[in-house]
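Colleague: Take a look at start-v7.cif, mmCIF, C-alpha atoms and all ligand atoms:
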```
data_work
loop_
_atom_site.label_atom_id
_atom_site.label_comp_id
_atom_site.auth_asym_id
_atom_site.auth_seq_id
_atom_site.Cartn_x
_atom_site.Cartn_y
_atom_site.Cartn_z
CA MET M 5 -139.80 54.30 176.58
CA GLN M 6 -136.12 55.13 176.52
CA LYS M 7 -135.31 57.74 173.87
CA GLN M 8 -132.44 57.13 171.47
CA THR M 9 -129.23 59.05 172.15
CA LEU M 10 -127.38 60.97 169.45
CA LYS M 11 -124.50 58.54 169.77
CA ASP M 12 -126.70 55.50 169.10
CA TRP M 13 -128.49 57.23 166.23
CA ILE M 14 -125.19 58.11 164.53
CA LYS M 15 -124.06 54.50 164.90
CA GLY M 16 -127.25 53.31 163.22
CA GLN M 17 -126.71 55.71 160.30
CA GLY M 18 -123.46 54.02 159.33
CA ALA M 19 -121.37 57.18 159.69
CA SER M 20 -117.60 56.67 159.78
CA LYS M 21 -115.79 56.91 163.13
CA GLY M 22 -114.21 60.16 161.97
CA VAL M 23 -117.58 61.79 161.22
CA SER M 24 -119.09 60.35 164.39
CA ASP M 25 -116.28 61.78 166.58
CA ILE M 26 -116.82 65.19 164.99
CA LEU M 27 -120.60 65.18 165.50
CA LEU M 28 -120.34 64.11 169.12
CA THR M 29 -117.70 66.74 169.80
CA ILE M 30 -119.81 69.49 168.19
CA ALA M 31 -122.80 68.30 170.24
CA SER M 32 -120.72 68.60 173.39
CA SER M 33 -119.45 72.08 172.39
CA CYS M 34 -123.01 73.20 171.69
CA THR M 35 -124.24 71.82 175.02
CA GLY M 36 -121.67 74.22 176.48
CA ILE M 37 -122.83 77.02 174.19
CA ALA M 38 -126.45 76.47 175.27
CA LYS M 39 -125.34 77.08 178.88
CA ILE M 40 -123.27 80.13 177.98
CA VAL M 41 -126.22 81.58 176.03
CA ASN M 42 -128.51 80.92 178.98
CA ASP M 43 -126.25 82.75 181.43
CA ALA M 44 -125.20 85.50 179.01
CA PRO M 45 -127.31 88.33 180.51
CA LEU M 46 -125.98 87.57 184.02
CA ASP M 47 -122.42 87.25 182.78
CA GLY M 48 -122.47 90.59 180.96
CA LEU M 49 -122.19 88.90 177.56
CA ILE M 50 -124.91 90.89 175.84
CA GLY M 51 -123.62 93.45 173.38
CA ALA M 52 -120.91 94.17 170.85
CA SER M 53 -117.19 93.59 171.28
CA SER M 54 -114.70 96.04 169.83
CA GLN M 55 -113.64 93.59 167.10
CA THR M 56 -114.82 93.07 163.52
CA ASN M 57 -114.64 89.82 161.54
CA VAL M 58 -113.29 89.22 158.04
CA GLN M 59 -116.61 90.33 156.58
CA GLY M 60 -116.32 93.67 158.34
CA GLU M 61 -119.18 92.82 160.71
CA VAL M 62 -118.93 93.93 164.32
CA GLN M 63 -118.49 90.80 166.41
CA LYS M 64 -120.48 90.27 169.57
CA ASP M 65 -118.76 88.84 172.66
CA LEU M 66 -120.75 85.66 172.12
CA ASP M 67 -119.56 85.33 168.50
CA ILE M 68 -115.98 85.22 169.76
CA ILE M 69 -116.58 83.00 172.80
CA THR M 70 -118.58 80.41 170.86
CA ASN M 71 -116.02 80.40 168.05
CA ASP M 72 -113.12 79.87 170.48
CA LEU M 73 -114.95 77.05 172.21
CA MET M 74 -115.74 75.18 168.99
CA VAL M 75 -112.24 75.63 167.58
CA ALA M 76 -110.61 74.41 170.82
CA ASP M 77 -112.87 71.35 171.03
CA LEU M 78 -112.50 70.38 167.36
CA LEU M 79 -108.71 70.74 167.52
CA THR M 80 -108.72 67.70 169.83
CA VAL M 81 -110.43 65.50 167.23
CA SER M 82 -107.89 63.53 165.20
CA SER M 83 -110.17 63.11 162.16
CA VAL M 84 -110.42 66.90 161.74
CA SER M 85 -107.87 68.02 159.19
CA ALA M 86 -108.91 71.67 158.96
CA MET M 87 -111.69 74.09 159.84
CA VAL M 88 -113.37 77.16 158.44
CA SER M 89 -115.21 79.45 160.86
CA GLU M 90 -117.24 82.55 160.05
CA GLU M 91 -115.18 84.37 162.65
CA ILE M 92 -111.67 83.46 161.40
CA ASP M 93 -110.16 84.86 158.18
CA GLU M 94 -108.06 81.86 157.14
CA VAL M 95 -108.43 78.07 157.06
CA ILE M 96 -107.59 76.72 160.55
CA GLN M 97 -105.13 73.80 160.47
CA ASN M 98 -105.26 71.01 163.04
CA SER M 99 -101.80 70.06 164.24
CA ASN M 100 -103.31 67.19 166.29
CA LYS M 101 -104.74 65.43 163.27
CA SER M 102 -103.98 61.82 162.42
CA GLU M 103 -101.98 60.99 159.32
CA ASN M 104 -105.01 59.99 157.26
CA ALA M 105 -107.37 62.72 158.53
CA ASN M 106 -109.37 64.03 155.57
CA LEU M 107 -112.35 65.85 157.07
CA ALA M 108 -112.93 69.59 157.21
CA VAL M 109 -115.49 71.21 159.48
CA CYS M 110 -117.06 74.52 158.40
CA PHE M 111 -119.18 76.39 160.93
CA ASP M 112 -121.06 79.50 161.89
CA PRO M 113 -120.59 79.33 165.68
CA LEU M 114 -123.39 81.79 166.37
CA ASP M 115 -126.03 82.46 163.78
CA GLY M 116 -128.50 85.30 164.22
CA SER M 117 -126.18 87.45 166.36
CA SER M 118 -128.48 90.46 165.99
CA ASN M 119 -130.97 88.55 168.17
CA ILE M 120 -128.63 88.22 171.16
CA ASP M 121 -129.55 91.51 172.81
CA ASN M 122 -133.31 90.91 172.55
CA ASN M 123 -133.21 87.29 173.79
CA GLY M 124 -134.28 86.10 170.34
CA ILE M 125 -133.50 82.73 168.82
CA ILE M 126 -129.87 82.06 167.84
CA GLY M 127 -128.06 78.95 166.67
CA THR M 128 -124.95 77.18 165.40
CA ILE M 129 -124.63 75.78 161.85
CA PHE M 130 -122.06 73.19 160.75
CA SER M 131 -120.95 71.19 157.73
CA VAL M 132 -118.51 68.26 157.54
CA LEU M 133 -116.69 67.91 154.20
CA GLU M 134 -114.51 65.07 152.94
CA LEU M 135 -111.30 66.46 151.47
CA ALA M 136 -109.63 64.91 148.45
CA SER M 137 -106.26 65.53 150.05
CA ASN M 138 -104.80 64.52 153.40
CA SER M 139 -101.83 66.83 153.03
CA LYS M 140 -100.36 68.62 156.02
CA ASN M 141 -101.45 72.07 155.01
CA ILE M 142 -105.04 72.34 153.79
CA THR M 143 -105.68 75.32 151.52
CA SER M 144 -108.85 77.31 150.86
CA SER M 145 -109.19 75.63 147.49
CA ASP M 146 -108.89 72.15 149.10
CA VAL M 147 -111.89 73.01 151.30
CA LEU M 148 -113.83 74.71 148.50
CA SER M 149 -113.43 71.82 146.10
CA ALA M 150 -114.76 69.45 148.80
CA SER M 151 -117.96 71.45 149.21
CA ARG M 152 -119.98 69.00 147.10
CA ASN M 153 -118.73 66.15 149.23
CA GLN M 154 -120.68 66.91 152.38
CA LYS M 155 -120.68 63.98 154.81
CA ALA M 156 -122.83 65.62 157.48
CA ALA M 157 -124.63 68.87 158.16
CA GLY M 158 -126.75 70.30 160.92
CA TYR M 159 -127.77 73.16 163.12
CA PHE M 160 -128.37 73.72 166.81
CA ILE M 161 -131.10 76.13 167.82
CA TYR M 162 -130.97 77.88 171.18
CA GLY M 163 -134.64 78.67 171.72
CA PRO M 164 -137.18 77.71 174.37
CA ALA M 165 -135.68 74.22 173.87
CA CYS M 166 -132.17 73.52 172.60
CA LEU M 167 -132.63 71.40 169.46
CA LEU M 168 -130.32 69.76 166.93
CA MET M 169 -131.32 68.99 163.34
CA VAL M 170 -128.79 66.71 161.70
CA SER M 171 -128.21 64.61 158.60
CA VAL M 172 -125.38 62.25 157.75
CA GLY M 173 -126.93 60.94 154.55
CA ASN M 174 -130.48 60.46 153.43
CA LYS M 175 -132.51 61.37 156.46
CA VAL M 176 -132.86 64.35 158.78
CA ALA M 177 -133.37 63.76 162.49
CA MET M 178 -134.36 66.12 165.28
CA PHE M 179 -132.86 65.89 168.76
CA ALA M 180 -133.52 67.88 171.93
CA LEU M 181 -131.02 68.56 174.68
CA SER M 182 -132.22 66.84 177.84
CA GLU M 183 -131.56 69.09 180.84
CA LYS M 184 -131.58 66.05 183.12
CA GLN M 185 -129.27 63.83 181.09
CA GLN M 186 -127.21 66.63 179.55
CA GLN M 187 -127.28 64.90 176.19
CA PHE M 188 -129.22 65.06 172.94
CA LEU M 189 -132.14 62.62 172.61
CA LEU M 190 -134.12 61.80 169.47
CA VAL M 191 -137.48 63.57 169.25
CA ASP M 192 -139.14 62.70 166.00
CA GLY M 193 -138.43 59.11 165.00
CA GLY M 194 -135.52 60.16 162.84
CA ASP M 195 -137.17 61.16 159.57
CA VAL M 196 -138.19 64.82 159.36
CA SER M 197 -139.70 65.96 156.09
CA ILE M 198 -140.62 69.40 154.76
CA ALA M 199 -144.19 69.92 153.53
CA LYS M 200 -144.20 70.14 149.72
CA GLN M 201 -146.75 72.95 149.68
CA SER M 202 -146.98 76.00 151.87
CA ASN M 203 -148.44 79.47 152.14
CA GLU M 204 -145.75 81.19 154.17
CA PHE M 205 -142.65 83.08 153.06
CA ALA M 206 -139.70 84.45 155.01
CA ILE M 207 -137.87 87.44 153.53
CA ASN M 208 -136.65 90.78 154.84
CA MET M 209 -139.28 93.01 153.19
CA SER M 210 -137.35 96.18 154.00
CA TYR M 211 -135.00 95.44 151.08
CA GLN M 212 -137.83 95.21 148.54
CA ARG M 213 -136.47 98.05 146.40
CA PHE M 214 -133.17 96.14 145.89
CA TRP M 215 -134.67 92.78 144.77
CA ASP M 216 -134.25 91.23 141.33
CA SER M 217 -137.33 90.77 139.15
CA ALA M 218 -137.84 87.04 139.94
CA ILE M 219 -138.11 87.67 143.69
CA ALA M 220 -140.20 90.82 143.16
CA LYS M 221 -142.70 88.88 140.98
CA TYR M 222 -142.90 85.94 143.40
CA ILE M 223 -143.60 88.11 146.43
CA GLU M 224 -146.04 90.29 144.45
CA GLN M 225 -148.08 87.16 143.65
CA CYS M 226 -147.96 86.00 147.29
CA LEU M 227 -149.19 89.38 148.49
CA LEU M 228 -152.16 89.33 146.06
CA GLY M 229 -153.38 86.27 148.00
CA GLU M 230 -156.74 84.79 146.99
CA GLN M 231 -157.24 87.60 144.47
CA GLY M 232 -154.06 86.74 142.56
CA LYS M 233 -153.12 83.79 140.41
CA ARG M 234 -151.81 81.84 143.41
CA LYS M 235 -155.41 81.80 144.68
CA LYS M 236 -154.41 81.49 148.32
CA ASN M 237 -153.46 83.87 151.10
CA PHE M 238 -149.87 83.91 152.36
CA ASN M 239 -148.42 84.62 155.76
CA MET M 240 -144.99 86.18 156.37
CA ARG M 241 -142.33 85.60 159.05
CA TRP M 242 -138.78 86.95 159.47
CA ALA M 243 -136.83 86.16 162.61
CA GLY M 244 -133.54 87.66 161.38
CA SER M 245 -131.88 84.39 162.33
CA MET M 246 -131.47 81.76 159.62
CA VAL M 247 -131.71 78.86 162.06
CA ALA M 248 -135.02 80.13 163.41
CA ASP M 249 -136.48 80.83 159.97
CA VAL M 250 -135.33 77.51 158.50
CA HIS M 251 -136.46 75.56 161.55
CA ARG M 252 -139.98 76.93 161.15
CA ILE M 253 -139.93 75.66 157.57
CA PHE M 254 -138.96 72.19 158.80
CA MET M 255 -141.93 72.24 161.17
CA HIS M 256 -144.63 73.96 159.05
CA GLY M 257 -143.32 74.32 155.48
CA GLY M 258 -142.56 77.61 153.80
CA VAL M 259 -139.89 79.31 151.77
CA PHE M 260 -136.84 81.21 153.05
CA ILE M 261 -135.33 83.85 150.78
CA TYR M 262 -132.16 85.92 151.12
CA PRO M 263 -131.63 87.08 147.51
CA SER M 264 -128.92 88.92 145.65
CA MET M 265 -129.63 92.64 145.80
CA ASP M 266 -128.92 95.75 143.83
CA LYS M 267 -127.15 97.27 146.83
CA LYS M 268 -123.43 97.76 147.45
CA GLY M 269 -122.00 94.76 149.32
CA SER M 270 -125.18 92.69 148.89
CA GLU M 271 -124.75 91.70 145.24
CA ASN M 272 -124.62 88.05 146.37
CA GLY M 273 -127.01 88.47 149.28
CA LYS M 274 -125.68 88.01 152.78
CA LEU M 275 -125.46 84.34 153.65
CA ARG M 276 -122.16 82.52 153.41
CA PHE M 277 -121.84 79.44 151.24
CA LEU M 278 -119.63 77.06 153.24
CA TYR M 279 -121.19 77.37 156.68
CA GLU M 280 -124.73 78.68 156.09
CA ALA M 281 -126.12 77.93 152.61
CA ASN M 282 -124.41 74.59 151.87
CA PRO M 283 -125.24 72.78 155.15
CA MET M 284 -128.81 74.13 155.17
CA ALA M 285 -129.20 72.97 151.55
CA MET M 286 -128.12 69.44 152.48
CA LEU M 287 -130.60 69.31 155.35
CA VAL M 288 -133.45 70.77 153.28
CA GLU M 289 -132.86 68.44 150.32
CA ASN M 290 -132.57 65.40 152.59
CA ALA M 291 -135.95 66.36 154.06
CA GLY M 292 -137.55 66.50 150.59
CA GLY M 293 -137.26 70.26 150.08
CA MET M 294 -135.28 72.26 147.53
CA ALA M 295 -132.45 74.78 147.87
CA ILE M 296 -131.37 77.06 145.02
CA SER M 297 -129.18 80.06 144.38
CA ASN M 298 -130.80 81.96 141.50
CA SER M 299 -131.27 79.14 138.98
CA LEU M 300 -128.58 76.79 140.35
CA PRO M 301 -128.98 74.18 143.11
CA ILE M 302 -126.99 75.55 146.09
CA ARG M 303 -125.08 72.27 146.44
CA GLU M 304 -123.72 72.63 142.91
CA ILE M 305 -122.16 76.03 143.52
CA ARG M 306 -118.42 76.24 143.01
CA ALA M 307 -117.38 78.98 145.39
CA THR M 308 -113.97 80.62 145.07
CA ASN M 309 -113.62 82.14 148.53
CA ILE M 310 -114.14 80.43 151.90
CA HIS M 311 -116.29 83.33 153.10
CA GLN M 312 -118.19 83.74 149.83
CA ARG M 313 -121.78 84.93 150.05
CA VAL M 314 -124.48 83.41 147.85
CA PRO M 315 -128.15 84.17 147.19
CA VAL M 316 -130.39 81.62 148.95
CA VAL M 317 -133.92 80.32 148.29
CA LEU M 318 -134.92 77.15 150.13
CA GLY M 319 -137.85 75.26 151.59
CA SER M 320 -141.07 73.61 150.35
CA SER M 321 -140.39 72.14 146.92
CA GLN M 322 -143.49 73.47 145.14
CA GLU M 323 -142.72 77.05 146.17
CA VAL M 324 -139.01 76.79 145.32
CA GLU M 325 -139.99 75.34 141.90
CA ILE M 326 -142.10 78.44 141.23
CA LEU M 327 -139.11 80.65 142.05
CA LEU M 328 -136.82 78.49 139.92
CA ASN M 329 -139.16 78.94 136.94
CA LEU M 330 -139.24 82.68 137.51
CA TYR M 331 -135.42 82.77 137.55
CA GLN M 332 -135.23 80.70 134.39
CA ASN M 333 -137.79 82.87 132.60
CA THR M 334 -137.16 86.39 133.82
CA GLN M 335 -133.37 86.78 134.07
P1 LIG P 401 -124.79 85.89 161.51
O1 LIG P 401 -125.40 86.30 162.80
O2 LIG P 401 -124.08 84.56 161.59
O3 LIG P 401 -123.94 86.97 160.88
O4 LIG P 401 -125.96 85.55 160.45
C1 LIG P 401 -127.06 86.41 160.38
C2 LIG P 401 -127.80 86.15 159.11
C3 LIG P 401 -128.88 85.10 159.17
O5 LIG P 401 -128.97 84.39 160.35
C4 LIG P 401 -130.17 85.87 158.94
O6 LIG P 401 -131.03 85.17 158.10
C5 LIG P 401 -129.71 87.15 158.31
O7 LIG P 401 -128.42 87.37 158.76
C6 LIG P 401 -130.58 88.33 158.65
O8 LIG P 401 -130.15 89.41 157.92
P2 LIG P 401 -130.92 90.82 157.90
O9 LIG P 401 -130.58 91.49 159.20
O10 LIG P 401 -130.33 91.53 156.71
O11 LIG P 401 -132.39 90.57 157.76
MN MN P 402 -125.07 83.21 160.33
MN MN P 403 -122.52 83.97 162.96
#
```
Output the file's structure as structure tokens, nothing else.

Modeller:
Amino acid sequence: MQKQTLKDWIKGQGASKGVSDILLTIASSCTGIAKIVNDAPLDGLIGASSQTNVQGEVQKDLDIITNDLMVADLLTVSSVSAMVSEEIDEVIQNSNKSENANLAVCFDPLDGSSNIDNNGIIGTIFSVLELASNSKNITSSDVLSASRNQKAAGYFIYGPACLLMVSVGNKVAMFALSEKQQQFLLVDGGDVSIAKQSNEFAINMSYQRFWDSAIAKYIEQCLLGEQGKRKKNFNMRWAGSMVADVHRIFMHGGVFIYPSMDKKGSENGKLRFLYEANPMAMLVENAGGMAISNSLPIREIRATNIHQRVPVVLGSSQEVEILLNLYQNTQ
């Protein structure tokens, strides 16, 4: 049977033309990125560049190339009013926008950059926000105050297969890039859900000494396994790439944690609100999971900086509930 294309699926979801144009453009950019990633070792694109981004992180060649590609492609879309990229300090204005354009696209062009050199899984994360203003010059605060008005969110994962997880409303659908057709085709029937229960957690254990007491207690109970009050054994995974860790949760359940830490520069964790936490939270919630930042739902955060970092806990609802209770009772 013929598989549904991304274009047809979007049409069936009732997305506006503006949102649809953006999603199809991002899908085309990421089809290009999948190729670039594939050829990166042969093209000498493994390794660090000499530049650093606004967060003081050393950029890899691929961070810059993928950013430039996405920015150039999205600048051609008339419904895009402005953009925020992990790799660019300021809000990017679109001089090609139509008069009534009111959508902003926030993205992490390459997530999991530390995995590039070891051929590990990397990805692209994006969020489409509806702005309250259609003024010529979109400010940081215009974008930030639209963060609760997410019209679409998704991620691409460049692994053994190139996949797209996307939501434009209630449901989450999974697509795979067909090598033959060079387009994304629906894999799962269009309604992915996250298991409510799980016995797997994803956290970077090497930071244990910097955790707050809620996280420390939760992990302590997981590690006690059958002997502890959770009465079940837990497994642990950490890919060092949010897309890879979150994707595993979509497939098998689990909880992903990047907490605030008692460590200089990591007081709010590491992950950025606009283009990592917020889109992942929309996807996770639309798949029946939960996404919190300490005791607040991630999607209710009011960030004050476009590159703001926030603590992140997301995944299977029963596990996130346990963490939420710990935050409410121990802080
Ligand atoms: P990016 O490559 O876009 O900077 O994001 C990397 C993030 C995220 O993908 C991952 O979960 C986290 O960094 C891993 O951080 P640690 O190296 O501290 O474990
Ligand atoms: Mn990232
Ligand atoms: Mn990145």

Colleague: Please report, as JSON lines, each residue of range 162-271 of chain M lying at most 7 Å from range 278-290 of chain M, together with the nearest pair of atoms and the separation in Å rounded to one decimal; use only C-alpha atoms, and order rows by chain and ascending residue number.

Modeller:
```
{"residue": "M:Ser171", "atom": "CA", "partner": "M:Leu287", "partner_atom": "CA", "distance": 6.2}
{"residue": "M:Asn174", "atom": "CA", "partner": "M:Asn290", "partner_atom": "CA", "distance": 5.4}
{"residue": "M:Lys175", "atom": "CA", "partner": "M:Asn290", "partner_atom": "CA", "distance": 5.6}
{"residue": "M:Val176", "atom": "CA", "partner": "M:Asn290", "partner_atom": "CA", "distance": 6.3}
```

Colleague: Using all atoms listed in the file, what are the residues with an atom within 7 Å of ligand MN 402 (chain P), set out as a list in words?

Modeller: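 Checking all atoms listed in the file against ligand MN 402 (chain P) at 7 Å gives Asp112, Leu114, Asp115, Gly116, Met246, Leu275 and Glu280 of chain M.
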
Colleague: How many Å lie between CA of Lys64 in chain M and atom O9 of ligand LIG 401 (chain P), rounded to one decimal?

Modeller: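 Between CA of Lys64 in chain M and atom O9 of ligand LIG 401 (chain P) the gap works out to 14.5 Å.
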
Colleague: With a distance cut-off of 9 Å and all atoms listed in the file, select the neighbouring residues of Gln187 in chain M, excluding the residue or stretch itself and same-chain residues fewer than 6 positions from it, and output the selection as a list in words.

Modeller: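 Returned residues: Thr9, Leu10, Ala31, Ser32, Thr35, Ala180 and Leu181 of chain M.
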
Colleague: As a quick test: using all atoms listed in the file, which residues lie no more than 10 Å away from ligand MN 403 (chain P)? Give them as a PyMOL selection string.

Modeller: chain M and resi 57+61+63-64+66-68+70-71+89-91+111-118+126-129+245-246+275-276+279-280

Colleague: Could you turn the residues from that selection into a file that holds C-alpha atoms, as a CSV table (one decimal), in the frame of the given file?

Modeller:
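result-v4.csv was written with the following content:
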```csv
chain,number,residue,atom,x,y,z
M,57,ASN,CA,-114.6,89.8,161.5
M,61,GLU,CA,-119.2,92.8,160.7
M,63,GLN,CA,-118.5,90.8,166.4
M,64,LYS,CA,-120.5,90.3,169.6
M,66,LEU,CA,-120.8,85.7,172.1
M,67,ASP,CA,-119.6,85.3,168.5
M,68,ILE,CA,-116.0,85.2,169.8
M,70,THR,CA,-118.6,80.4,170.9
M,71,ASN,CA,-116.0,80.4,168.0
M,89,SER,CA,-115.2,79.4,160.9
M,90,GLU,CA,-117.2,82.6,160.0
M,91,GLU,CA,-115.2,84.4,162.6
M,111,PHE,CA,-119.2,76.4,160.9
M,112,ASP,CA,-121.1,79.5,161.9
M,113,PRO,CA,-120.6,79.3,165.7
M,114,LEU,CA,-123.4,81.8,166.4
M,115,ASP,CA,-126.0,82.5,163.8
M,116,GLY,CA,-128.5,85.3,164.2
M,117,SER,CA,-126.2,87.4,166.4
M,118,SER,CA,-128.5,90.5,166.0
M,126,ILE,CA,-129.9,82.1,167.8
M,127,GLY,CA,-128.1,79.0,166.7
M,128,THR,CA,-125.0,77.2,165.4
M,129,ILE,CA,-124.6,75.8,161.8
M,245,SER,CA,-131.9,84.4,162.3
M,246,MET,CA,-131.5,81.8,159.6
M,275,LEU,CA,-125.5,84.3,153.6
M,276,ARG,CA,-122.2,82.5,153.4
M,279,TYR,CA,-121.2,77.4,156.7
M,280,GLU,CA,-124.7,78.7,156.1
```

Colleague: From the list M:Ala295, M:Ile92, M:Met74, M:Leu190, which residue is nearest Gly60 in chain M when using all atoms listed in the file?

Modeller: M:Ile92

Colleague: Mind listing whatever residues come within 7 Å of the point (-130.6, 67.7, 164.7)? Use only C-alpha atoms, file coordinates, and give them as a CSV table (one decimal) with C-alpha atoms, keeping the file's coordinate frame.

Modeller:
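Generated file (part31.csv):
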```csv
chain,number,residue,atom,x,y,z
M,158,GLY,CA,-126.8,70.3,160.9
M,159,TYR,CA,-127.8,73.2,163.1
M,160,PHE,CA,-128.4,73.7,166.8
M,167,LEU,CA,-132.6,71.4,169.5
M,168,LEU,CA,-130.3,69.8,166.9
M,169,MET,CA,-131.3,69.0,163.3
M,170,VAL,CA,-128.8,66.7,161.7
M,177,ALA,CA,-133.4,63.8,162.5
M,178,MET,CA,-134.4,66.1,165.3
M,179,PHE,CA,-132.9,65.9,168.8
```

Colleague: What does the distance between CA of Ile219 in chain M and CA of Gln59 in chain M come to in Å, to one decimal place?

Modeller: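 For CA of Ile219 in chain M relative to CA of Gln59 in chain M, the distance reads 25.2 Å.
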
Colleague: Considering all atoms listed in the file, state which residue in the set M:Trp242, M:Val109, M:Lys39, M:Lys235 is at the smallest distance from Glu183 in chain M.

Modeller: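 Ranked by minimum distance to Glu183 in chain M, first place goes to M:Lys39.
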
Colleague: By how many Å are CA of Tyr262 in chain M and CA of Met87 in chain M apart?

Modeller: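 Separating CA of Tyr262 in chain M from CA of Met87 in chain M is a distance of 25.2 Å.
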
Colleague: Compile the contact shell of range 11-26 of chain M as a VMD selection string: residues with an atom at most 8 Å away, counting only C-alpha atoms, same-chain residues fewer than 4 positions apart removed.

Modeller: chain M and resid 30 78 81 to 84 107 132 155 to 156 172 to 173 190

Colleague: Go ahead and dump the residues you just picked, C-alpha atoms, as an mmCIF file, in the frame of the given file.

Modeller:
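For reference, part35.cif as written:
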```
data_model
loop_
_atom_site.group_PDB
_atom_site.id
_atom_site.type_symbol
_atom_site.label_atom_id
_atom_site.label_comp_id
_atom_site.auth_asym_id
_atom_site.auth_seq_id
_atom_site.Cartn_x
_atom_site.Cartn_y
_atom_site.Cartn_z
ATOM 1 C CA ILE M 30 -119.810 69.490 168.190
ATOM 2 C CA LEU M 78 -112.500 70.380 167.360
ATOM 3 C CA VAL M 81 -110.430 65.500 167.230
ATOM 4 C CA SER M 82 -107.890 63.530 165.200
ATOM 5 C CA SER M 83 -110.170 63.110 162.160
ATOM 6 C CA VAL M 84 -110.420 66.900 161.740
ATOM 7 C CA LEU M 107 -112.350 65.850 157.070
ATOM 8 C CA VAL M 132 -118.510 68.260 157.540
ATOM 9 C CA LYS M 155 -120.680 63.980 154.810
ATOM 10 C CA ALA M 156 -122.830 65.620 157.480
ATOM 11 C CA VAL M 172 -125.380 62.250 157.750
ATOM 12 C CA GLY M 173 -126.930 60.940 154.550
ATOM 13 C CA LEU M 190 -134.120 61.800 169.470
#
```

Colleague: Report as a ChimeraX atom specification all protein, DNA and RNA residues lying within 10 Å of range 298-305 of chain M, evaluated on all atoms listed in the file, omitting residues in the same chain fewer than 4 positions from it.

Modeller: /M:148,151-154,216,218-219,263-264,272,277-278,281-286,289,294,314-318,325,327-333,335
